[in-house]
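Source file: input.txt; contents: compact mmCIF, C-alpha atoms.
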```txt
# COMPACT_ATOMS: atom_id res chain seq x y z
CA MET T 290 -13.86 -37.53 -21.90
CA GLY T 291 -15.48 -35.82 -18.90
CA LEU T 292 -12.22 -36.07 -16.98
CA LEU T 293 -10.31 -34.37 -19.79
CA VAL T 294 -12.81 -31.51 -19.89
CA PHE T 295 -12.52 -31.13 -16.12
CA VAL T 296 -8.71 -31.06 -16.25
CA ARG T 297 -8.75 -28.53 -19.11
CA ASN T 298 -11.16 -26.24 -17.24
CA LEU T 299 -9.06 -26.56 -14.10
CA LEU T 300 -5.91 -25.56 -15.98
CA LEU T 301 -7.67 -22.60 -17.57
CA ALA T 302 -8.91 -21.46 -14.17
CA LEU T 303 -5.42 -21.86 -12.74
CA CYS T 304 -3.90 -19.80 -15.56
CA LEU T 305 -6.49 -17.07 -15.06
CA PHE T 306 -5.76 -17.06 -11.33
CA LEU T 307 -2.02 -16.71 -11.99
CA VAL T 308 -2.54 -13.86 -14.47
CA LEU T 309 -4.80 -11.97 -12.07
CA GLY T 310 -2.35 -12.56 -9.25
CA PHE T 311 0.53 -11.20 -11.34
CA LEU T 312 -1.46 -8.10 -12.30
CA TYR T 313 -2.40 -7.47 -8.67
CA TYR T 314 1.20 -7.90 -7.54
CA SER T 315 2.46 -5.57 -10.28
CA ALA T 316 -0.07 -2.90 -9.32
CA TRP T 317 0.94 -3.21 -5.66
CA LYS T 318 4.62 -2.85 -6.51
CA LEU T 319 3.94 0.24 -8.62
CA HIS T 320 2.04 1.76 -5.72
CA LEU T 321 5.17 1.60 -3.56
CA LEU T 322 8.65 3.00 -3.97
CA GLN T 323 10.02 2.74 -7.48
CA TRP T 324 13.52 1.49 -6.75
CA GLU T 325 15.33 -1.54 -8.10
CA ASP T 326 17.66 -3.92 -6.35
CA ALA T 327 21.20 -3.01 -5.32
CA ASN T 328 22.66 -3.94 -8.69
CA SER T 329 20.64 -1.56 -10.82
CA VAL T 330 19.84 2.13 -11.09
CA VAL T 331 16.39 3.68 -11.17
CA LEU T 332 15.86 6.51 -13.65
CA SER T 333 12.94 8.73 -12.64
CA PHE T 334 12.11 11.88 -14.55
CA ASP T 335 10.48 15.14 -13.66
CA SER T 336 8.17 17.04 -15.97
CA ALA T 337 11.15 18.67 -17.68
CA GLY T 338 12.75 15.32 -18.44
CA GLN T 339 15.64 15.70 -16.02
CA THR T 340 16.89 12.55 -14.34
CA LEU T 341 16.93 12.58 -10.56
CA GLY T 342 20.34 13.42 -9.19
CA SER T 343 21.33 15.52 -12.18
CA GLU T 344 22.81 19.02 -11.91
CA GLU T 345 19.26 20.35 -11.79
CA ASP T 346 19.15 18.87 -8.30
CA HIS T 347 21.54 21.52 -7.05
CA LEU T 348 19.96 24.45 -8.85
CA GLY T 349 16.71 24.37 -6.90
CA SER T 350 14.45 22.79 -9.53
CA CYS T 351 11.45 20.82 -8.37
CA LEU T 352 11.70 17.06 -8.84
CA ARG T 353 8.08 16.34 -7.83
CA LEU T 354 9.12 12.96 -6.54
CA PRO T 355 6.30 11.74 -4.26
CA ASN T 356 3.69 11.85 -7.02
CA LYS T 357 5.68 9.04 -8.65
CA LEU T 358 5.98 7.03 -5.42
CA PHE T 359 2.41 6.88 -4.16
CA SER T 360 -0.78 6.91 -6.19
CA LYS T 361 -2.59 8.55 -3.27
CA PRO T 362 -0.27 10.25 -0.75
CA ALA T 363 -1.47 10.08 2.84
CA PRO T 364 -2.18 13.32 4.75
CA MET T 365 0.58 14.37 7.15
CA PHE T 366 -1.68 14.93 10.16
CA LEU T 367 -4.90 13.58 11.62
CA ASP T 368 -7.98 15.66 10.90
CA ASP T 369 -11.62 15.44 11.98
CA SER T 370 -12.28 12.63 9.47
CA PHE T 371 -9.71 10.32 11.13
CA ARG T 372 -12.29 7.68 12.05
CA LYS T 373 -12.99 7.02 8.37
CA TRP T 374 -9.42 5.94 7.58
CA ALA T 375 -9.54 2.14 7.53
CA ARG T 376 -5.74 1.79 7.33
CA ILE T 377 -5.28 3.15 10.84
CA ARG T 378 -8.67 2.41 12.40
CA GLU T 379 -7.95 -1.30 12.79
CA PHE T 380 -4.59 -0.99 14.59
CA VAL T 381 -3.77 0.08 18.13
CA PRO T 382 -0.87 2.51 18.68
CA PRO T 383 1.75 2.90 17.38
CA PHE T 384 0.39 1.59 14.07
CA GLY T 385 -3.09 3.06 14.32
CA ILE T 386 -5.69 4.81 16.45
CA LYS T 387 -7.89 1.97 17.68
CA GLY T 388 -9.22 2.82 21.14
CA GLN T 389 -8.11 6.47 20.92
CA ASP T 390 -11.18 7.98 19.26
CA ASN T 391 -12.41 10.03 22.20
CA LEU T 392 -8.97 11.39 23.07
CA ILE T 393 -8.18 12.37 19.48
CA LYS T 394 -11.60 13.94 19.01
CA ALA T 395 -11.11 15.99 22.17
CA ILE T 396 -7.67 17.17 21.01
CA LEU T 397 -8.77 18.09 17.49
CA SER T 398 -11.81 19.96 18.80
CA VAL T 399 -9.38 22.41 20.39
CA THR T 400 -6.48 22.51 17.92
CA LYS T 401 -8.77 22.85 14.88
CA GLU T 402 -5.82 22.89 12.47
CA TYR T 403 -4.89 19.82 10.45
CA ARG T 404 -2.45 20.97 7.78
CA LEU T 405 0.76 22.91 7.39
CA THR T 406 0.69 26.69 7.24
CA PRO T 407 -1.24 28.34 4.37
CA ALA T 408 2.05 29.58 2.89
CA LEU T 409 3.55 26.07 2.82
CA ASP T 410 0.35 24.48 1.55
CA SER T 411 0.30 26.93 -1.37
CA LEU T 412 3.81 26.07 -2.59
CA SER T 413 3.94 24.44 -6.01
CA CYS T 414 7.12 22.65 -4.90
CA ARG T 415 7.84 21.67 -1.30
CA ARG T 416 11.50 20.97 -0.55
CA CYS T 417 11.90 19.17 2.77
CA ILE T 418 14.81 18.09 4.93
CA ILE T 419 14.76 15.78 7.94
CA VAL T 420 17.51 16.77 10.36
CA GLY T 421 18.66 13.80 12.42
CA ASN T 422 20.55 14.05 15.68
CA GLY T 423 23.70 12.17 14.66
CA GLY T 424 27.22 13.30 15.48
CA VAL T 425 27.96 13.21 11.76
CA LEU T 426 26.40 16.71 11.60
CA ALA T 427 29.14 18.23 13.76
CA ASN T 428 31.61 20.56 12.03
CA LYS T 429 30.00 20.22 8.61
CA SER T 430 28.84 23.88 8.42
CA LEU T 431 25.58 22.87 6.74
CA GLY T 432 23.42 25.37 8.61
CA SER T 433 22.70 27.74 5.74
CA ARG T 434 22.06 24.88 3.34
CA ILE T 435 19.59 23.30 5.77
CA ASP T 436 17.79 26.61 6.24
CA ASP T 437 17.35 26.87 2.47
CA TYR T 438 14.72 24.12 2.51
CA ASP T 439 11.03 25.05 2.71
CA ILE T 440 10.29 22.56 5.48
CA VAL T 441 12.90 21.71 8.11
CA VAL T 442 11.90 18.78 10.32
CA ARG T 443 13.66 18.22 13.65
CA LEU T 444 13.26 15.28 16.01
CA ASN T 445 12.62 15.13 19.74
CA SER T 446 14.70 17.53 21.85
CA ALA T 447 17.65 18.08 19.48
CA PRO T 448 18.77 21.66 20.18
CA VAL T 449 19.30 24.44 17.66
CA LYS T 450 20.66 27.27 19.80
CA GLY T 451 24.44 27.16 19.89
CA PHE T 452 24.67 24.80 16.92
CA GLU T 453 23.31 27.02 14.16
CA LYS T 454 26.44 26.85 12.02
CA ASP T 455 26.04 23.08 11.60
CA VAL T 456 22.27 22.51 11.93
CA GLY T 457 20.71 25.82 10.87
CA ARG T 458 18.24 28.11 12.62
CA LYS T 459 14.97 27.18 10.98
CA THR T 460 12.47 24.67 12.35
CA THR T 461 9.17 24.03 10.60
CA LEU T 462 8.08 20.84 12.35
CA ARG T 463 9.38 19.30 15.55
CA ILE T 464 8.16 15.71 15.77
CA THR T 465 8.35 14.00 19.13
CA TYR T 466 6.66 11.81 21.72
CA PRO T 467 6.25 12.66 25.44
CA GLU T 468 9.53 11.18 26.66
CA GLY T 469 11.47 12.83 23.82
CA ALA T 470 9.93 16.31 24.06
CA MET T 471 11.88 19.32 25.32
CA GLN T 472 11.16 19.80 29.01
CA ARG T 473 12.12 23.48 29.30
CA PRO T 474 9.63 25.84 27.61
CA GLU T 475 12.38 28.30 26.61
CA GLN T 476 13.94 25.66 24.35
CA TYR T 477 11.03 25.68 21.90
CA GLU T 478 11.27 27.61 18.64
CA ARG T 479 8.66 30.33 18.20
CA ASP T 480 7.67 29.66 14.59
CA SER T 481 7.47 25.87 14.49
CA LEU T 482 4.61 23.36 14.66
CA PHE T 483 4.66 20.82 17.48
CA VAL T 484 3.82 17.35 16.13
CA LEU T 485 3.02 14.34 18.31
CA ALA T 486 4.04 10.89 17.12
CA GLY T 487 1.83 8.61 19.20
CA PHE T 488 3.64 5.36 19.98
CA LYS T 489 1.32 4.31 22.85
CA TRP T 490 -2.09 5.25 24.20
CA GLN T 491 -0.54 7.29 27.02
CA ASP T 492 0.96 9.62 24.41
CA PHE T 493 -2.47 10.77 23.22
CA LYS T 494 -3.60 11.21 26.82
CA TRP T 495 -0.48 13.32 27.45
CA LEU T 496 -1.22 15.54 24.45
CA LYS T 497 -4.77 16.10 25.70
CA TYR T 498 -3.32 17.28 29.02
CA ILE T 499 -0.97 19.63 27.13
CA VAL T 500 -3.67 21.07 24.87
CA TYR T 501 -6.16 21.57 27.71
CA LYS T 502 -3.39 22.83 30.04
CA GLU T 503 -4.21 20.15 32.57
CA ARG T 504 -1.80 18.68 35.10
CA VAL T 505 0.44 15.96 33.63
CA SER T 506 0.88 13.01 35.96
CA ALA T 507 4.26 11.27 36.05
CA SER T 508 2.50 8.00 36.88
CA ASP T 509 0.71 7.67 33.54
CA GLY T 510 2.90 4.90 32.19
CA PHE T 511 5.84 6.88 30.78
CA TRP T 512 9.27 5.25 30.87
CA LYS T 513 11.02 8.50 31.86
CA SER T 514 10.10 12.02 32.92
CA VAL T 515 8.07 13.98 30.39
CA ALA T 516 7.40 17.61 29.59
CA THR T 517 4.58 19.09 31.66
CA ARG T 518 4.12 22.11 29.42
CA VAL T 519 4.58 22.88 25.74
CA PRO T 520 4.60 26.63 24.96
CA LYS T 521 2.49 26.34 21.85
CA GLU T 522 -0.99 27.54 21.05
CA PRO T 523 -3.47 24.75 20.23
CA SER T 524 -3.46 25.89 16.58
CA GLU T 525 0.30 25.12 16.47
CA ILE T 526 -0.13 21.49 17.55
CA ARG T 527 -0.64 18.53 15.24
CA ILE T 528 -0.98 14.73 15.48
CA LEU T 529 1.20 12.83 13.03
CA ASN T 530 -0.74 10.37 10.91
CA PRO T 531 0.04 6.93 12.47
CA TYR T 532 -0.09 5.44 9.00
CA PHE T 533 3.51 6.56 8.49
CA ILE T 534 4.63 4.45 11.45
CA GLN T 535 2.73 1.49 10.03
CA GLU T 536 4.01 1.97 6.49
CA ALA T 537 7.62 2.54 7.55
CA ALA T 538 7.59 -0.58 9.72
CA PHE T 539 5.82 -3.16 7.62
CA THR T 540 5.90 -1.97 3.99
CA LEU T 541 9.16 -0.10 3.57
CA ILE T 542 11.57 -1.48 6.18
CA GLY T 543 9.98 -4.93 6.47
CA LEU T 544 9.87 -5.31 10.24
CA PRO T 545 7.95 -8.18 11.91
CA PHE T 546 4.19 -7.66 11.81
CA ASN T 547 3.52 -9.27 15.22
CA ASN T 548 -0.26 -9.17 14.66
CA GLY T 549 -0.07 -5.39 14.37
CA LEU T 550 1.16 -4.98 17.94
CA MET T 551 4.29 -3.34 19.34
CA GLY T 552 6.92 -6.03 19.83
CA ARG T 553 10.60 -6.78 19.75
CA GLY T 554 12.36 -5.10 16.83
CA ASN T 555 9.26 -3.90 14.98
CA ILE T 556 9.13 -0.19 15.86
CA PRO T 557 10.75 2.17 13.32
CA THR T 558 12.84 5.04 14.62
CA LEU T 559 11.33 8.50 14.51
CA GLY T 560 13.82 9.41 11.77
CA SER T 561 12.53 6.73 9.41
CA VAL T 562 8.94 7.67 10.23
CA ALA T 563 9.69 11.31 9.39
CA VAL T 564 11.31 10.28 6.08
CA THR T 565 8.20 8.23 5.23
CA MET T 566 6.00 11.23 6.00
CA ALA T 567 8.17 13.44 3.78
CA LEU T 568 7.99 10.99 0.88
CA HIS T 569 4.22 11.47 0.93
CA GLY T 570 4.06 15.21 1.49
CA CYS T 571 7.12 16.73 -0.16
CA ASP T 572 8.38 17.14 -3.70
CA GLU T 573 12.03 16.84 -2.73
CA VAL T 574 13.38 15.06 0.33
CA ALA T 575 16.82 15.36 1.92
CA VAL T 576 18.27 14.16 5.21
CA ALA T 577 21.20 15.26 7.35
CA GLY T 578 22.58 13.82 10.56
CA PHE T 579 21.48 10.26 9.80
CA GLY T 580 23.61 7.15 10.28
CA TYR T 581 25.68 5.59 13.03
CA ASP T 582 29.17 4.32 12.23
CA MET T 583 29.76 1.57 14.76
CA SER T 584 33.31 1.09 13.47
CA THR T 585 34.30 4.37 15.17
CA PRO T 586 33.33 3.85 18.83
CA ASN T 587 34.93 7.13 19.92
CA ALA T 588 32.99 9.28 17.47
CA PRO T 589 30.25 11.50 18.96
CA LEU T 590 26.84 9.81 19.04
CA HIS T 591 24.92 13.10 18.78
CA TYR T 592 26.03 16.50 17.53
CA TYR T 593 25.05 18.22 20.79
CA GLU T 594 26.70 16.07 23.48
CA THR T 595 29.89 14.20 24.32
CA VAL T 596 28.38 10.70 24.53
CA ARG T 597 30.32 8.38 22.24
CA MET T 598 29.20 5.86 19.63
CA ALA T 599 30.22 3.02 21.94
CA ALA T 600 27.29 3.95 24.20
CA ILE T 601 24.79 2.46 21.75
CA LYS T 602 23.26 -0.70 23.12
CA GLU T 603 21.16 -3.26 21.33
CA SER T 604 17.66 -1.81 21.00
CA TRP T 605 14.67 -3.87 22.07
CA THR T 606 12.27 -1.92 19.87
CA HIS T 607 14.31 -0.92 16.79
CA ASN T 608 16.15 -2.83 14.09
CA ILE T 609 18.88 -0.34 13.20
CA GLN T 610 20.46 -2.55 10.53
CA ARG T 611 17.20 -3.04 8.63
CA GLU T 612 16.53 0.68 8.76
CA LYS T 613 19.98 1.44 7.43
CA GLU T 614 19.37 -0.89 4.48
CA PHE T 615 16.06 0.84 3.77
CA LEU T 616 17.62 4.32 3.83
CA ARG T 617 20.58 3.20 1.72
CA LYS T 618 18.16 2.01 -0.96
CA LEU T 619 16.51 5.42 -0.98
CA VAL T 620 19.87 7.19 -1.31
CA LYS T 621 21.18 4.81 -3.96
CA ALA T 622 18.03 5.23 -6.03
CA ARG T 623 18.28 9.03 -5.59
CA VAL T 624 14.89 9.15 -3.93
CA ILE T 625 16.41 11.14 -1.07
CA THR T 626 19.64 13.14 -0.74
CA ASP T 627 21.96 12.57 2.22
CA LEU T 628 23.78 15.84 2.90
CA THR T 629 26.09 14.36 5.53
CA SER T 630 26.81 11.06 3.72
CA GLY T 631 26.27 9.08 6.92
CA ILE T 632 23.85 6.48 5.64
```
Please express what this file holds, its structure, as structure tokens.
Amino acid sequence: MGLLVFVRNLLLALCLFLVLGFLYYSAWKLHLLQWEDANSVVLSFDSAGQTLGSEEDHLGSCLRLPNKLFSKPAPMFLDDSFRKWARIREFVPPFGIKGQDNLIKAILSVTKEYRLTPALDSLSCRRCIIVGNGGVLANKSLGSRIDDYDIVVRLNSAPVKGFEKDVGRKTTLRITYPEGAMQRPEQYERDSLFVLAGFKWQDFKWLKYIVYKERVSASDGFWKSVATRVPKEPSEIRILNPYFIQEAAFTLIGLPFNNGLMGRGNIPTLGSVAVTMALHGCDEVAVAGFGYDMSTPNAPLHYYETVRMAAIKESWTHNIQREKEFLRKLVKARVITDLTSGI
């Protein structure tokens, strides 16, 4: 009799454990992107009841998408409370800030700005576009359409001057790391924010040099030459929240965790990181210039140079195929819009 009671209690405990586990898993899934598998279609609705991807998309209505994707969107940039954020405190760069406290504190004590501009922060609907560097942008004449977005994000040293017809004139944020930053001061746009994506500890040290106008040493562990000056006032400089690198890599794309350390094939590209940031901070998200078509080796790799697609080599740090699958899911579920249809 005692054995039967024990078995019954054990089964009840097991059932309770399974129910709680299911509820936890369901809550976790709802906290993340609301897309289904490749064989189904997600229907998300804005406050007016319009389905995403409807004609309202093209008439400038606000879809208010990120509020449906994340229960608590992460801030775009580090602020003076950065040491309280457990999600990034426990990881070293690029997935967190562990070991960088003094450098970040020194930088923020001078920049003293942690958000977008007051005008952008006051918008009831923020429409954002991430402009990639792909050759697919060439000869598409999308410049005016790109400039129509409230926030135009550009990556690394991709030029604007001379390519305005295809890529637009407007730059709100330029996200980069030391090796990717423009090296000639005259290349920088006057009205944009300079945003550091810190992939290694040297990157934060470099930004401190830039902010304090100190001499940048080429022997500080960079893999190529870096900019020694950025013509921006401290108030125009931001540090991208490393949580977006972490979330893009491990939660959204599904790259190897590798104990939270940089390793082979587990670093997301800056484009995917920028998309992840936009999903948190924008009401509508579009991309342009994304996607590499390896079946056309003679196609231009980037819109601003003659290097061909065949020049792409296997990347030690990135998993391009996994990222493409991630972005395709976003496009298919109408979470983001791909203006150049390259994904």
Counting all atoms listed in the file, the option among T:Ala516, T:Pro362, T:Gly580, T:Met566 closest to Asp492 (chain T)
T:Ala516
Please enclose the listed atoms of region 400-409 of chain T in an axis-aligned box, pad each side by 4 Å, and write out the centre and the three edge lengths in Å, rounded to one decimal, as AutoDock Vina command-line options.
```
--center_x -2.6 --center_y 24.7 --center_z 10.4 --size_x 20.3 --size_y 17.8 --size_z 23.1
```
What does the distance from CA of Trp495 (chain T) to CA of Thr461 (chain T) come to in Å, to one decimal?
22.2 Å
Near Leu559 (chain T), counting only C-alpha atoms, which residues have an atom at most 9 Å away, once you skip same-chain residues fewer than 6 positions from it, shown as a PyMOL selection string?
chain T and resi 444-445+464-465+486+534
Extract, using all atoms listed in the file, all DNA, RNA and protein residues at most 10 Å from Ile601 (chain T), discarding same-chain residues fewer than 5 positions from it, and format them as a list in words.
Tyr581, Met583, Pro586, Leu590 and Val596 of chain T
One decimal, Å: what's the distance from CA of Lys494 (chain T) over to CA of Ile526 (chain T), could you say?
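The value is 14.3 Å.
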Which distance in Å separates CA of Val576 (chain T) and CA of Asp437 (chain T), to one decimal?
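Answer for the CA of Val576 (chain T) to CA of Asp437 (chain T) separation: 13.0 Å.
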Find the residue from T:Lys387, T:Arg404, T:Lys618, T:Arg527 that sits nearest to Tyr466 (chain T); use all atoms listed in the file when measuring.
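Under the stated criterion, the closest residue is T:Arg527.
For the set T:Asn428, T:Ser630, T:Ser604, T:Asn548, the residue with the smallest atom-to-atom gap to Phe380 (chain T) is T:Asn548, counting all atoms listed in the file.
For Gly510 (chain T), the list of residues within 10 Å, based on all atoms listed in the file and with local chain neighbours fewer than 4 positions off taken out, reads T:Lys489, T:Trp490, T:Gln491, T:Asp492, T:Ser506.
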